[in-house]
Amino acid sequence: MSAPAPSSERGPVYRAPDGSFALFNDYGAGRAMVVAAPPAPEPGTAFEVWDRRRADGPRALAPAQAIDGYGVFTFPYGPVSMGVPEAGRFDLRTYGERLLDIVPVGGFKSRRILASLPGLTIADAGLRIERLAGPVSASHVSAFLLAAESAAGATVPAPELWVRAVAQELQRLYNHLRVIARVAEAAAQNVGVAQTQALAEEILQLEGRVFGHRWLFGALLPGGPPRRLESADRRAIAEELDRRSREFEGIWELFLESRTFVDRIQTTCPVSRELAVRWGAVGPALRATGVPWDDRLRIPVAPYHDMFLALPKETEGDALARVVVRAEEIRASFLLLEQLLGRWPAASGAGEPALPPIAPGRGLGRAEGPSGDVVYDVRLDGDRIAGVGMRSPSDANWPVFALGLREGVFTDFHFACESFGFLFAESDA
Amino acid sequence: MTGPLGDLLTVAVAGFFVGAGVSFFGRRAGYAIALVASILFGGVGAAAMFSGHVAGPQWTGPIGNPESLGLDALSGFFAVTAGIVWVATSAYSLSYDRRPSPVLAAAYGATLGSIAVLLSSGDFVLFLIGWEGMTIAAYAMILQATGRAGRVVSASFVFLAFGEASTLLVLVAVAGLRVASGSFLESPTVAGALLANVVFVSALLGFGLKMGVAPFHMSEWLPIAHSSAPSNASAVLSSTLTLAGVYGLFRVLSLLPSPPAWWGAVMLSIGAISALLGALFAAVSEHSKGLPAYSTIENNGLILVALGIALVARSEGLSTLYAFALYAAFFQAIAHALAKTALFLSAGYVERSTGTFDLTTVEGRAKRSGRAAFFGTLVAALSLAAAPPLAGFVSEWMILEALLQSYRFSPFGLEFVGLLAGAAVALAAGLIVAAMVKFLGFTFLWRPRPTADGARADGLGTVVGAVGVVVVGLGVLAPWVLRAVAPAAIAFAGTGVPPPVGSLLAVPPGWSILSGAPFGILSPPMIPFGLAAGAAVGVGYFALRRMRSVRHVDPWMAGSAPGVAGETYTSFGYSTGLRIMLGSMLDTREVRSDAGLSAEVGLATPESYNVELEVLDRFKGFYDGLVRFGVDVSDLLKRSVMPGDLGRYLAYVLIVTLAAVIFAAVVA
Amino acid sequence: MSWLGLAAARGILTTRYPDVPVAEEELPRTGHGPAVPGGGRPPADAVAVCPVEAIDPDGIDQGRCIRCARCFAHGVAPDGRAEAATLRRADLTGGPAESGSTPNPEAPLARLGRSLHVFLIDVGSCGACNQEVLAIANPFYDLQRLGIFFTNSPRHADVLLVVGVLTDEMRPALERTYAALPSPKAVVAVGACPISGGVFRGHAGLQPSVDAVAPVDVFVPGCPPAPVQVLDALLRLGDRSRVDGGGR
């Protein structure tokens, strides 16, 4: 029997800043692979574009074309505008109406967080990682803690891992609802937007009740606010989530019946599977092109290795597919939360060992955030941080968004941008 | 037999040609003589309107027909309009024309003189001589353009071709009138229905060609836009050449009493389509002279619409509407001529102070300290966009009021045509606002930066500003202007066309224009009062509150520095929405060149390419096809009938000789 | 079911704040500012455990607290005051007793009556404060019933809501935005980051306070403050907040 043909579906995931290794996803085989001592990234590839976020000052987060012609000009949209609720600029190359090229420019919110971490304890570093991107704090902290625990070879008690999972799933619910509300707002579905925002607010209030902070700051770190996750609390949470799940079903069904909503996002910013794989797209954007990758399934750590998770995937790769994938994931998250809350581990059980380190004192942690896979690369020096590298889901999706929106028009911009669920804060760490 | 006024008329008309000759010795002297002649000509025209007739010299023409020079009230109106326009353009040319060659000045004088001849002609042979002379002199003017040589020659040839076609059609109309009336004199005639229709159709097409209405609008925009003709020439072309076409149409129609309704309906349709096409192409034009050229197409379409309504109303027996629409046509003619002159002179000013005709490149860099030029451009653009209290507003209001009254027509077909025409004119009015805002905005208002060398534009701005003042006056004093036009209207229609001026409510008598009895009312002189009163409230409020502090900040660019990436929203981008949305009407295409390695997006290396969004005039495609067809036919004839074969030619001679012999034998 | 049916089934969700006090769901008690129960000086190990030096031996600086809750295990507890916004920076460091000695400054935009137009600028936030500010437009809080509106351009705004820690790159943008607001205008600093730099205080390339660029009229401590606290801050500008006896 001949050797199996090498899979051509290999997508970039992360390249260490010191060049010692690079991480790839093999979508054909369905697993991650580490390549030692990779060559320096060529200009215009994913690794090179992602690396730009380490520079100071405003920098382009996607490859640009050189387009010229009569009446063609660059229209800077940002960094201060209500349409894009964060500090980031989009350079639109256009001759009016049509988007010939679009380049997201980040670096305006760079708080120099990763550079400030060496020398801190893991808990203190966690305080800053939480506030790197507030709406997705749970996934960032979980990935960071996984990496730190892997580097230290620690053992984590099982209930703590369940808590991290519950936190991430609740934030996933909130973020997906936020994205659906933003996309619908662009389509002027005002009643639907109000109902979705109300549901999102109810999830936030639930998070505040359970974890003592609406955005879970301190919730996954030692010394945080008191949690309410006793068995009686868990039953109450499960009942409330059941109600919310039915509310969501009602809302989503009505959204799908609205032709103006569906028409507006169908065929908007189409991303092909090849494009997504080549540029290392992650999360709902990747699954909307038909690639069945979810960190919770492919890199199973407790508690996900034992839970049922339906993997939604569409194949069109347009904004509608991304929104539909998110809606399906909301359903999957409700189901996952029901399982997590129903099968809570005993506090006295043996802890879960961390993943093996990638090098002595160096661990890699990955978590599936609401917008996709977030990778942390932590080097420890004793019990203090020596260095942290990170690649956020927004970093990975910016080039795919920019390349997919070529040939669009101005009015497509918001639908495309919101459907990816970007956070400039993630790219500007 | 000619009085002092008639002598003055002769002097004026001759003066243009004298000035053309003097240009060969001194350009400025030539223009100065043209300026004086224009003042004389306009003055005599005004006198003709007052007194009803100015008789000039009479003599026998080349074919034994009596010829004379003279102005009656109708031609006097056009003479006054032309005189005002020419005063402005001649004064402008004094400092504008700096080229060493005197040909432009000579051609300019000859054009003016030819138009003066045809306006003051008493018979159609002289009219035709003036008409043809106008075409050839204008052709010479356009050849003086400064664009690429190949384009200049082909564009001016297009002008000449269309001009000769119009002469041909006018000739047919004149011949028809000769058959009907027995002479070439411009006197009313009674013609049989078929002859009258032939005369009408050929006159409409022939004069319409000169006016630049659809489907002949290419004759208007192509020479001006593609060849970058000098601005004083463009002003004369757009304002007075087309005015000559309007005059010709008025004159011929005045000689054919009792028009059937379908004449008016046809004029209405052609006018409405021209208005819409002109406005549409103006809104997507990037050329600072092409945009006004398209606007001329629109405005001449509006004149046709007004005349069309008038003719239909006359055939339906609606005398009030007939009078109102007729005055609307007259007012539109003078309002457009003046505003368009100012706009073209302003385009020349902009070109002098920024060095380009391209609105995308100008970007507000016209010399800001040229306040007179700015004022003149502002007034002209707003007048063409029909903003109160300017002349264009009054004429547009009158035309729309006339269209609104198309419900008075009894046959449903006429009502329906009026309805569609009204919709088209309203749409055109909206599009032309976009076009004029674009012109004004991107020449003077867009991110003004001091220009390096604006000195060459000195003196030009004053003329533009002066014409602007006249346009404002024309609008505010509209009721009195309409009363002054009355003799011309009466000369056109006979009696029974009083000016539509009246009074209502508390407005002093004679200050209002009435569009029907009853229908609508407008009082242009009251508008400045209203504007001033409103401004006084605001100013007074702020003066009382003593809020006099003003803080200047940069324009808001979403927090970015103004001019980041060194670029700004272009005039091209302003209209691209229209280009894309109306892509089927405008035949919009995107063309890419120097494409990257592959069309597949997401390639590792950045791509680079050039992109052009083009808008094509479908009618030009039709004409190009016509030209190709003509060339193909002549090729075919050449190859099949005249192949250069001696034997074949001898055979032709033999055949013709035999046929002649047989013919002679049969006849004898 | 239609949107109408779904909405009718959901019922009215809008809070009646400021006519009623802040509810527990709107702001969990752990989100209140820290205070020493019964007054007095903070214990020494609370001073040591605070990662942002918000607690020092003399008192607690609410403007620096990032709500990490580490001090709750060392003798400090939530202070039970939901409406923590103040008009002076100094009022965030003193306890309630001290700030009562000087008269409150006049509400900055009282003469604008019952209408307020707000523009949000993010100068370097993590995104949580953005979400909390935008949440005042959701059906639970409904800013429009109080006469508050978001505008799309600073030229139309009366109030500049600043979130995030000021980075060097955003400084010119903040200056331009502040200049673009026409007078009378006010600035509201939402969250610990624009007041004191939050957890990023001391990082290179960041300014600890936006006050130098855009003088702040209302300080809203929290990390992030809850939507109802943002509403309270906006009402303070017009002297309509619950604390001032407003709630009209």
# chains A, B, ... in the order shown; residues from 1 in each chain; ligands from 1
call {"tool": "residues_around", "arguments": {"residues": "segment 430-439 of chain B", "least_positions_apart": "5", "cutoff": "6 Å", "atoms": "only C-alpha atoms", "output": "CSV table (one decimal) with N, CA and C atoms, in the first residue's frame"}}
result
chain,number,residue,atom,x,y,z
B,279,ALA,N,-29.7,65.9,-18.2
B,279,ALA,CA,-29.5,66.0,-16.7
B,279,ALA,C,-28.7,64.8,-16.3
B,282,ALA,N,-25.1,65.0,-17.3
B,282,ALA,CA,-24.5,66.1,-16.5
B,282,ALA,C,-24.1,65.6,-15.1
B,283,ALA,N,-25.0,64.8,-14.5
B,283,ALA,CA,-24.7,64.4,-13.2
B,283,ALA,C,-23.5,63.5,-13.1
B,381,ALA,N,-24.8,78.3,-11.1
B,381,ALA,CA,-25.1,76.9,-10.8
B,381,ALA,C,-26.5,76.8,-10.1
B,385,ALA,N,-29.8,75.0,-11.4
B,385,ALA,CA,-30.5,74.0,-10.5
B,385,ALA,C,-31.8,74.5,-10.0
call {"tool": "interface_residues", "arguments": {"of": "chain A", "to": "chain C", "cutoff": "8 Å", "atoms": "only C-alpha atoms", "output": "PyMOL selection string"}}
result
chain A and resi 57-58+79-83+85-87+107-113+116+124+127-128+131-135+191-192+194-195+197-198+201+205+208-209+212-213+215+217-218+223-225+250-251+254+423+425-426
call {"tool": "atom_distance", "arguments": {"atom1": "atom CA of Ala321 of chain A", "atom2": "atom CA of Val400 of chain A"}}
result
14.7 Å
call {"tool": "atom_distance", "arguments": {"atom1": "atom CA of Phe78 of chain B", "atom2": "atom CA of Tyr247 of chain B"}}
result
6.9 Å
call {"tool": "select_by_dssp", "arguments": {"residues": "segment 80-185 of chain A", "states": "alpha helix (DSSP H)", "output": "MDAnalysis selection string"}}
result
chainID A and resid 113:116 122:130 137:152 158:185
call {"tool": "residues_around", "arguments": {"residues": "Ala46 of chain C", "least_positions_apart": "3", "cutoff": "8 Å", "atoms": "only C-alpha atoms", "output": "number ranges by chain"}}
result
C: 42-43, 49-50, 55, 71, 74-76
